[in-house]
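Data block for upload29.cif (mmCIF, C-alpha atoms and all ligand atoms):
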```cif
data_coords
#
loop_
_atom_site.label_atom_id
_atom_site.label_comp_id
_atom_site.auth_asym_id
_atom_site.auth_seq_id
_atom_site.Cartn_x
_atom_site.Cartn_y
_atom_site.Cartn_z
CA MET A 84 -37.33 -9.64 50.71
CA LYS A 85 -34.70 -7.00 51.26
CA LEU A 86 -35.14 -3.40 50.25
CA LYS A 87 -32.44 -0.81 49.75
CA ILE A 88 -33.61 2.76 49.34
CA LEU A 89 -31.28 4.14 46.69
CA GLY A 90 -32.89 7.55 46.38
CA THR A 91 -35.73 9.62 47.80
CA GLY A 92 -35.50 12.73 45.63
CA THR A 93 -37.28 14.41 42.76
CA ALA A 94 -36.76 16.65 39.75
CA THR A 95 -34.86 19.06 42.02
CA PRO A 96 -31.15 18.13 41.96
CA SER A 97 -29.94 17.42 45.48
CA LEU A 98 -26.72 16.34 47.16
CA GLN A 99 -28.69 14.55 49.89
CA ARG A 100 -31.26 12.77 47.76
CA ALA A 101 -30.74 10.89 44.51
CA SER A 102 -33.84 10.48 42.34
CA SER A 103 -36.40 8.17 43.90
CA SER A 104 -35.27 4.60 43.37
CA TYR A 105 -35.40 1.31 45.21
CA LEU A 106 -33.60 -2.02 44.89
CA LEU A 107 -35.71 -4.96 45.99
CA SER A 108 -33.92 -8.30 46.44
CA THR A 109 -36.27 -11.27 46.06
CA THR A 110 -35.96 -15.05 45.65
CA TRP A 111 -36.46 -14.47 41.91
CA GLY A 112 -33.79 -11.77 41.56
CA ASN A 113 -33.08 -8.09 42.07
CA ILE A 114 -35.71 -5.60 40.97
CA LEU A 115 -34.74 -1.96 40.49
CA VAL A 116 -37.70 0.40 40.70
CA ASP A 117 -37.00 3.62 38.75
CA ILE A 118 -33.70 4.81 37.44
CA GLY A 119 -33.45 8.60 37.39
CA PRO A 120 -30.32 10.75 37.73
CA SER A 121 -27.63 9.49 40.19
CA VAL A 122 -29.20 6.07 40.63
CA VAL A 123 -26.42 4.05 38.97
CA ARG A 124 -23.90 5.89 41.12
CA ARG A 125 -25.99 5.10 44.20
CA LEU A 126 -25.97 1.39 43.26
CA LEU A 127 -22.18 1.44 43.36
CA GLU A 128 -22.07 3.45 46.58
CA TYR A 129 -24.18 0.76 48.25
CA GLY A 130 -22.09 -2.14 46.97
CA TYR A 131 -23.99 -3.23 43.86
CA THR A 132 -23.22 -3.14 40.15
CA THR A 133 -25.58 -2.86 37.18
CA ASP A 134 -25.02 -6.59 36.63
CA ASP A 135 -26.73 -7.35 39.95
CA VAL A 136 -30.00 -6.01 38.56
CA ASP A 137 -32.34 -8.50 36.85
CA MET A 138 -35.29 -6.19 36.20
CA VAL A 139 -35.70 -2.45 35.84
CA VAL A 140 -39.19 -1.08 36.46
CA LEU A 141 -40.10 2.32 35.03
CA THR A 142 -43.09 3.59 37.00
CA HIS A 143 -43.37 6.26 34.26
CA PHE A 144 -41.23 8.06 31.74
CA HIS A 145 -40.45 11.39 33.44
CA PRO A 146 -36.70 12.10 33.37
CA ASP A 147 -36.33 11.94 37.16
CA HIS A 148 -37.39 8.26 36.87
CA THR A 149 -35.62 7.21 33.66
CA VAL A 150 -32.51 9.24 32.75
CA ASP A 151 -29.96 6.79 34.17
CA LEU A 152 -31.38 4.00 32.02
CA ALA A 153 -28.96 5.37 29.41
CA THR A 154 -26.07 5.03 31.88
CA PHE A 155 -27.22 1.50 32.74
CA LEU A 156 -27.64 0.24 29.15
CA PHE A 157 -24.41 1.87 27.93
CA ALA A 158 -22.46 0.28 30.81
CA SER A 159 -24.06 -3.09 30.03
CA ASN A 160 -22.53 -2.94 26.52
CA TYR A 161 -19.24 -1.14 27.03
CA GLY A 162 -18.51 -1.12 30.76
CA GLU A 163 -15.57 -3.00 32.25
CA VAL A 164 -17.75 -6.08 32.71
CA THR A 165 -20.22 -6.48 29.86
CA ARG A 166 -23.63 -7.91 30.55
CA LYS A 167 -24.42 -11.51 29.56
CA LYS A 168 -27.59 -12.28 31.47
CA PRO A 169 -31.05 -11.16 30.39
CA LEU A 170 -32.57 -7.90 31.56
CA ILE A 171 -36.28 -7.28 31.93
CA LEU A 172 -37.58 -3.75 31.44
CA LEU A 173 -41.08 -3.39 32.85
CA GLY A 174 -43.35 -0.39 32.47
CA GLY A 175 -46.83 0.86 31.67
CA GLN A 176 -48.53 1.60 28.36
CA GLY A 177 -46.27 2.91 25.62
CA LEU A 178 -43.16 1.20 26.99
CA GLU A 179 -42.09 -0.09 23.56
CA GLY A 180 -42.37 3.37 21.98
CA PHE A 181 -40.49 5.00 24.82
CA TYR A 182 -37.70 2.42 24.60
CA GLU A 183 -37.39 2.74 20.80
CA ASN A 184 -37.07 6.52 21.02
CA PHE A 185 -34.63 6.25 23.89
CA VAL A 186 -32.21 3.91 22.10
CA ARG A 187 -32.60 5.77 18.79
CA LEU A 188 -31.49 8.99 20.47
CA TYR A 189 -28.22 7.53 21.76
CA ARG A 190 -27.62 4.72 19.22
CA TRP A 191 -25.27 2.76 21.48
CA LEU A 192 -27.81 1.49 23.94
CA SER A 193 -29.34 -1.51 22.14
CA PRO A 194 -28.18 -4.71 23.84
CA VAL A 195 -25.03 -6.22 22.34
CA GLY A 196 -24.32 -9.40 24.31
CA TYR A 197 -27.53 -10.05 26.25
CA ASP A 198 -31.29 -10.31 25.84
CA LEU A 199 -33.53 -7.40 26.77
CA ILE A 200 -37.14 -8.32 27.46
CA LEU A 201 -39.71 -5.54 27.32
CA LYS A 202 -42.75 -6.17 29.49
CA SER A 203 -45.64 -3.74 29.29
CA LEU A 204 -47.94 -4.21 32.27
CA PRO A 205 -50.24 -1.19 32.61
CA ALA A 206 -52.66 -2.97 34.93
CA GLY A 207 -52.21 -6.65 35.50
CA GLU A 208 -50.35 -9.40 37.22
CA TRP A 209 -47.17 -11.27 36.34
CA SER A 210 -45.57 -14.17 38.19
CA LEU A 211 -41.88 -15.00 38.29
CA GLY A 212 -41.31 -18.08 40.43
CA GLU A 213 -42.58 -17.30 43.91
CA VAL A 214 -42.64 -13.59 43.19
CA SER A 215 -45.64 -11.89 41.69
CA ILE A 216 -45.98 -8.33 40.47
CA LYS A 217 -49.31 -6.56 40.28
CA THR A 218 -49.63 -3.15 38.72
CA SER A 219 -52.31 -0.50 38.55
CA LYS A 220 -52.49 2.85 36.82
CA THR A 221 -51.96 6.00 38.86
CA ASN A 222 -53.22 9.58 38.58
CA HIS A 223 -50.08 11.16 37.21
CA ASN A 224 -49.38 10.36 33.56
CA PRO A 225 -51.03 8.19 30.91
CA GLU A 226 -48.36 5.53 31.46
CA SER A 227 -47.75 5.86 35.21
CA ILE A 228 -48.13 2.73 37.33
CA ALA A 229 -47.92 1.67 40.94
CA LEU A 230 -46.80 -1.85 41.71
CA ARG A 231 -47.16 -4.42 44.41
CA VAL A 232 -44.55 -7.15 44.73
CA THR A 233 -45.53 -10.27 46.67
CA GLU A 234 -43.12 -13.01 47.64
CA GLY A 235 -44.27 -16.40 48.88
CA LYS A 236 -47.21 -18.55 47.86
CA ARG A 237 -49.62 -17.93 50.73
CA GLU A 238 -49.64 -15.06 53.19
CA GLY A 239 -46.62 -13.73 51.33
CA LYS A 240 -44.89 -10.48 52.15
CA ARG A 241 -46.27 -7.56 50.19
CA ILE A 242 -44.54 -4.34 49.30
CA VAL A 243 -46.12 -1.51 47.34
CA PHE A 244 -44.37 1.21 45.35
CA THR A 245 -46.67 4.06 44.39
CA GLY A 246 -44.49 5.78 41.80
CA ASP A 247 -45.68 9.34 41.18
CA THR A 248 -49.38 9.65 41.83
CA ASP A 249 -52.27 11.66 43.13
CA PHE A 250 -54.98 10.16 45.33
CA SER A 251 -56.88 7.27 43.76
CA LYS A 252 -59.12 4.43 44.86
CA ASP A 253 -57.05 2.02 42.75
CA LEU A 254 -54.01 2.91 44.82
CA VAL A 255 -55.91 2.30 48.04
CA ALA A 256 -56.90 -1.14 46.73
CA LEU A 257 -53.35 -1.99 45.69
CA ALA A 258 -51.90 -0.91 49.04
CA GLU A 259 -54.49 -2.68 51.16
CA GLY A 260 -52.84 -4.62 53.96
CA ALA A 261 -49.33 -4.26 52.52
CA ASP A 262 -46.41 -5.01 54.82
CA LEU A 263 -44.64 -1.98 53.45
CA MET A 264 -45.73 0.91 51.28
CA VAL A 265 -43.06 3.08 49.71
CA SER A 266 -45.02 6.14 48.74
CA GLU A 267 -44.39 9.33 46.96
CA CYS A 268 -45.23 12.24 49.24
CA SER A 269 -43.89 15.16 47.24
CA PHE A 270 -44.88 17.91 49.67
CA PRO A 271 -45.80 18.14 53.36
CA GLU A 272 -48.58 20.67 52.73
CA ARG A 273 -48.46 22.18 49.25
CA LYS A 274 -50.95 20.64 46.84
CA VAL A 275 -49.72 20.00 43.32
CA LYS A 276 -52.02 18.09 40.98
CA GLY A 277 -50.65 14.64 40.14
CA HIS A 278 -48.75 14.30 43.42
CA LEU A 279 -49.51 13.50 47.06
CA ASN A 280 -49.08 15.71 50.07
CA LEU A 281 -49.09 14.37 53.61
CA ALA A 282 -52.85 14.75 54.06
CA ASP A 283 -53.50 12.80 50.82
CA LEU A 284 -51.16 10.04 51.93
CA GLN A 285 -52.73 9.87 55.39
CA ARG A 286 -56.11 9.42 53.73
CA ILE A 287 -54.81 6.50 51.64
CA VAL A 288 -53.12 4.90 54.64
CA LYS A 289 -56.21 5.24 56.80
CA GLU A 290 -58.16 3.22 54.25
CA ALA A 291 -55.51 0.76 53.07
CA LYS A 292 -53.83 0.15 56.44
CA PRO A 293 -50.32 -0.83 55.33
CA ARG A 294 -48.10 -1.84 58.27
CA GLN A 295 -45.31 0.58 57.46
CA VAL A 296 -45.10 3.58 55.15
CA ILE A 297 -41.92 5.16 53.88
CA LEU A 298 -42.25 8.64 52.43
CA SER A 299 -40.20 9.26 49.32
CA HIS A 300 -40.04 11.53 46.25
CA LEU A 301 -39.45 14.40 48.67
CA TYR A 302 -39.25 17.96 47.35
CA PRO A 303 -37.15 20.52 49.29
CA ASP A 304 -40.34 21.68 51.10
CA TRP A 305 -39.59 18.74 53.41
CA ASP A 306 -36.34 20.34 54.58
CA ALA A 307 -38.40 22.95 56.43
CA PHE A 308 -40.89 20.43 57.83
CA ASP A 309 -40.89 20.73 61.62
CA GLY A 310 -43.82 18.43 62.39
CA VAL A 311 -43.53 14.93 63.82
CA LEU A 312 -44.36 11.80 61.86
CA HIS A 313 -45.82 8.96 63.88
CA ALA A 314 -45.91 5.24 63.04
CA PRO A 315 -46.55 3.81 60.52
CA PHE A 316 -44.99 6.81 58.71
CA LEU A 317 -41.25 7.13 58.27
CA LEU A 318 -39.51 9.89 56.31
CA GLY A 319 -37.30 8.20 53.74
CA ILE A 320 -33.56 8.77 53.47
CA ASP A 321 -31.14 7.48 50.87
CA GLY A 322 -29.34 4.32 51.98
CA LEU A 323 -32.07 2.97 54.26
CA ASP A 324 -32.23 -0.86 54.53
CA ILE A 325 -35.44 -2.70 55.25
CA GLU A 326 -35.82 -6.43 55.76
CA LEU A 327 -39.23 -7.95 55.12
ZN ZN A 401 -41.03 12.18 39.81
ZN ZN A 402 -43.48 12.13 37.44
#
```
Output the file's structure in the form of structure tokens.
Ligand SMILES: [Zn+2]
Ligand SMILES: [Zn+2]
Amino acid sequence: MKLKILGTGTATPSLQRASSSYLLSTTWGNILVDIGPSVVRRLLEYGYTTDDVDMVVLTHFHPDHTVDLATFLFASNYGEVTRKKPLILLGGQGLEGFYENFVRLYRWLSPVGYDLILKSLPAGEWSLGEVSIKTSKTNHNPESIALRVTEGKREGKRIVFTGDTDFSKDLVALAEGADLMVSECSFPERKVKGHLNLADLQRIVKEAKPRQVILSHLYPDWDAFDGVLHAPFLLGIDGLDIEL
């Protein structure tokens, strides 16, 4: 699998960090995890188009994870190249209601020339060829999910995306032995309920033992961070490529 970090930011608008978002290329297709502000632009900056995306995952419905879905769906209908191939939209509980409200608000977003498949997977497993997706709920919102994508039948590569979350045992279980964990780590020290700081993340990593951990969903507190991160931790930056 190939991962492109499209964004590592948050609700705070930033010139350095687009909203947290990741494009994972698998043998099944390209999976886009979260689609907040600036993400469609980032896709183009890194050489992709919306048509390259086969699935959009919404880890939850906060605007910093969903706003550019409007940009994406509108472009799929009325952009220079209109979409023909199916699009899967995967999310947690309440996905259908969220989607209905979203397209009702803008009116021009319902698919015109392609099939949109809504897949609600609050806590479960779904296989697509040699790729399987496992989700679990996180401590953030009623609908928020973390996901683990595995490619390959046996001993496959495993990558975990936490979405927004606070500490939870479910997250530890999902991340156990992952090859890569892309984790929210909103603040180095400050504790905000529903999010992780570095100490929370270190606790998860100590138990789950993923091989590599990329910190993302970084609030501006991180700009003043003068500590040193040691392996397996790596501070995320937009544009980072990782081969698994
Ligand atoms: Zn967020
Ligand atoms: Zn959130």
Using all atoms listed in the file, what table do you get, as a tab-separated table, when you list each residue of region 166-234 of chain A with an atom no more than 6 Å from region 119-143 of chain A, its nearest pair of atoms, and their distance in Å rounded to one decimal, rows by chain then rising number?
```
residue	atom	partner	partner_atom	distance
A:Leu170	CA	A:Asp137	CA	5.3
A:Ile171	CA	A:Met138	CA	4.5
A:Leu172	CA	A:Val139	CA	5.0
A:Leu173	CA	A:Val140	CA	4.7
A:Gly174	CA	A:Leu141	CA	4.9
A:Glu226	CA	A:His143	CA	5.8
A:Ser227	CA	A:His143	CA	4.5
A:Ile228	CA	A:Thr142	CA	5.1
```
Q.
Quick one: residues within 10 Å of Pro205 (chain A), all atoms listed in the file, excluding same-chain residues fewer than 3 positions away - as a VMD selection string?
A. chain A and resid 142 173 to 178 202 208 217 to 221 225 to 230
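In this structure, CA of Lys236 (chain A) sits 6.2 Å away from CA of Glu213 (chain A).
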Q) With only C-alpha atoms and all ligand atoms as the basis for distance, which of A:Lys292, A:Lys167, A:Arg190, A:His148 is at the shortest distance from ligand ZN 401 (chain A)? A) A:His148
Q: Kindly work out which residues sit at most 7 Å from ligand ZN 401 (chain A), using only C-alpha atoms and all ligand atoms, and give the list as a ChimeraX atom specification.
A: /A:93-94,145,147-148,247,300
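Counting from CA of Phe155 (chain A), the distance to CA of Ile242 (chain A) is 24.7 Å.
Proximity ranking of A:Arg187, A:Phe144, A:Val164, A:Ser299 relative to ligand ZN 402 (chain A) places A:Phe144 first, based on only C-alpha atoms and all ligand atoms.
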(Q) Using only C-alpha atoms and all ligand atoms, can you tell me which of A:Gly112, A:Gly196, A:Gly92, A:Pro315 comes closest to ligand ZN 402 (chain A)? (A) A:Gly92
Could N, CA, C and O atoms be built for region 239-260 of chain A and written out as an mmCIF file, in the coordinates of the input?
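That gives us out_38.cif:
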```cif
data_model
loop_
_atom_site.group_PDB
_atom_site.id
_atom_site.type_symbol
_atom_site.label_atom_id
_atom_site.label_comp_id
_atom_site.auth_asym_id
_atom_site.auth_seq_id
_atom_site.Cartn_x
_atom_site.Cartn_y
_atom_site.Cartn_z
ATOM 1 N N GLY A 239 -47.939 -14.247 51.667
ATOM 2 C CA GLY A 239 -46.620 -13.730 51.330
ATOM 3 C C GLY A 239 -46.444 -12.288 51.757
ATOM 4 O O GLY A 239 -47.401 -11.580 52.044
ATOM 5 N N LYS A 240 -45.187 -11.881 51.811
ATOM 6 C CA LYS A 240 -44.890 -10.480 52.150
ATOM 7 C C LYS A 240 -45.240 -9.592 50.957
ATOM 8 O O LYS A 240 -44.968 -9.937 49.798
ATOM 9 N N ARG A 241 -45.811 -8.449 51.255
ATOM 10 C CA ARG A 241 -46.270 -7.560 50.190
ATOM 11 C C ARG A 241 -45.670 -6.171 50.348
ATOM 12 O O ARG A 241 -45.751 -5.582 51.419
ATOM 13 N N ILE A 242 -45.086 -5.694 49.276
ATOM 14 C CA ILE A 242 -44.540 -4.340 49.300
ATOM 15 C C ILE A 242 -45.094 -3.564 48.106
ATOM 16 O O ILE A 242 -45.167 -4.088 46.997
ATOM 17 N N VAL A 243 -45.501 -2.344 48.372
ATOM 18 C CA VAL A 243 -46.120 -1.510 47.340
ATOM 19 C C VAL A 243 -45.258 -0.283 47.067
ATOM 20 O O VAL A 243 -44.783 0.371 48.001
ATOM 21 N N PHE A 244 -45.046 -0.011 45.783
ATOM 22 C CA PHE A 244 -44.370 1.210 45.350
ATOM 23 C C PHE A 244 -45.391 2.046 44.583
ATOM 24 O O PHE A 244 -45.945 1.572 43.587
ATOM 25 N N THR A 245 -45.609 3.272 45.024
ATOM 26 C CA THR A 245 -46.670 4.060 44.390
ATOM 27 C C THR A 245 -46.226 4.719 43.088
ATOM 28 O O THR A 245 -47.073 5.061 42.259
ATOM 29 N N GLY A 246 -44.915 4.903 42.895
ATOM 30 C CA GLY A 246 -44.490 5.780 41.800
ATOM 31 C C GLY A 246 -45.056 7.163 42.050
ATOM 32 O O GLY A 246 -45.498 7.469 43.164
ATOM 33 N N ASP A 247 -45.070 8.010 41.030
ATOM 34 C CA ASP A 247 -45.680 9.340 41.180
ATOM 35 C C ASP A 247 -47.182 9.197 41.009
ATOM 36 O O ASP A 247 -47.645 8.532 40.078
ATOM 37 N N THR A 248 -47.923 9.825 41.880
ATOM 38 C CA THR A 248 -49.380 9.650 41.830
ATOM 39 C C THR A 248 -50.105 10.714 42.631
ATOM 40 O O THR A 248 -49.533 11.317 43.539
ATOM 41 N N ASP A 249 -51.350 10.910 42.294
ATOM 42 C CA ASP A 249 -52.270 11.660 43.130
ATOM 43 C C ASP A 249 -53.157 10.631 43.826
ATOM 44 O O ASP A 249 -53.001 9.417 43.605
ATOM 45 N N PHE A 250 -54.079 11.092 44.643
ATOM 46 C CA PHE A 250 -54.980 10.160 45.330
ATOM 47 C C PHE A 250 -55.791 9.352 44.316
ATOM 48 O O PHE A 250 -56.250 9.885 43.317
ATOM 49 N N SER A 251 -55.950 8.064 44.579
ATOM 50 C CA SER A 251 -56.880 7.270 43.760
ATOM 51 C C SER A 251 -57.346 6.055 44.544
ATOM 52 O O SER A 251 -56.625 5.524 45.383
ATOM 53 N N LYS A 252 -58.551 5.625 44.227
ATOM 54 C CA LYS A 252 -59.120 4.430 44.860
ATOM 55 C C LYS A 252 -58.336 3.178 44.466
ATOM 56 O O LYS A 252 -58.197 2.251 45.261
ATOM 57 N N ASP A 253 -57.847 3.169 43.215
ATOM 58 C CA ASP A 253 -57.050 2.020 42.750
ATOM 59 C C ASP A 253 -55.807 1.845 43.614
ATOM 60 O O ASP A 253 -55.397 0.724 43.919
ATOM 61 N N LEU A 254 -55.216 2.970 43.993
ATOM 62 C CA LEU A 254 -54.010 2.910 44.820
ATOM 63 C C LEU A 254 -54.347 2.381 46.207
ATOM 64 O O LEU A 254 -53.594 1.579 46.780
ATOM 65 N N VAL A 255 -55.464 2.813 46.741
ATOM 66 C CA VAL A 255 -55.910 2.300 48.040
ATOM 67 C C VAL A 255 -56.063 0.782 47.966
ATOM 68 O O VAL A 255 -55.580 0.048 48.831
ATOM 69 N N ALA A 256 -56.689 0.310 46.884
ATOM 70 C CA ALA A 256 -56.900 -1.140 46.730
ATOM 71 C C ALA A 256 -55.581 -1.890 46.629
ATOM 72 O O ALA A 256 -55.405 -2.950 47.240
ATOM 73 N N LEU A 257 -54.649 -1.321 45.879
ATOM 74 C CA LEU A 257 -53.350 -1.990 45.690
ATOM 75 C C LEU A 257 -52.569 -2.066 47.000
ATOM 76 O O LEU A 257 -51.871 -3.033 47.280
ATOM 77 N N ALA A 258 -52.701 -1.014 47.807
ATOM 78 C CA ALA A 258 -51.900 -0.910 49.040
ATOM 79 C C ALA A 258 -52.550 -1.611 50.233
ATOM 80 O O ALA A 258 -51.956 -1.690 51.306
ATOM 81 N N GLU A 259 -53.749 -2.116 50.033
ATOM 82 C CA GLU A 259 -54.490 -2.680 51.160
ATOM 83 C C GLU A 259 -53.722 -3.804 51.852
ATOM 84 O O GLU A 259 -53.344 -4.795 51.238
ATOM 85 N N GLY A 260 -53.478 -3.600 53.132
ATOM 86 C CA GLY A 260 -52.840 -4.620 53.960
ATOM 87 C C GLY A 260 -51.384 -4.907 53.622
ATOM 88 O O GLY A 260 -50.845 -5.932 54.030
#
```
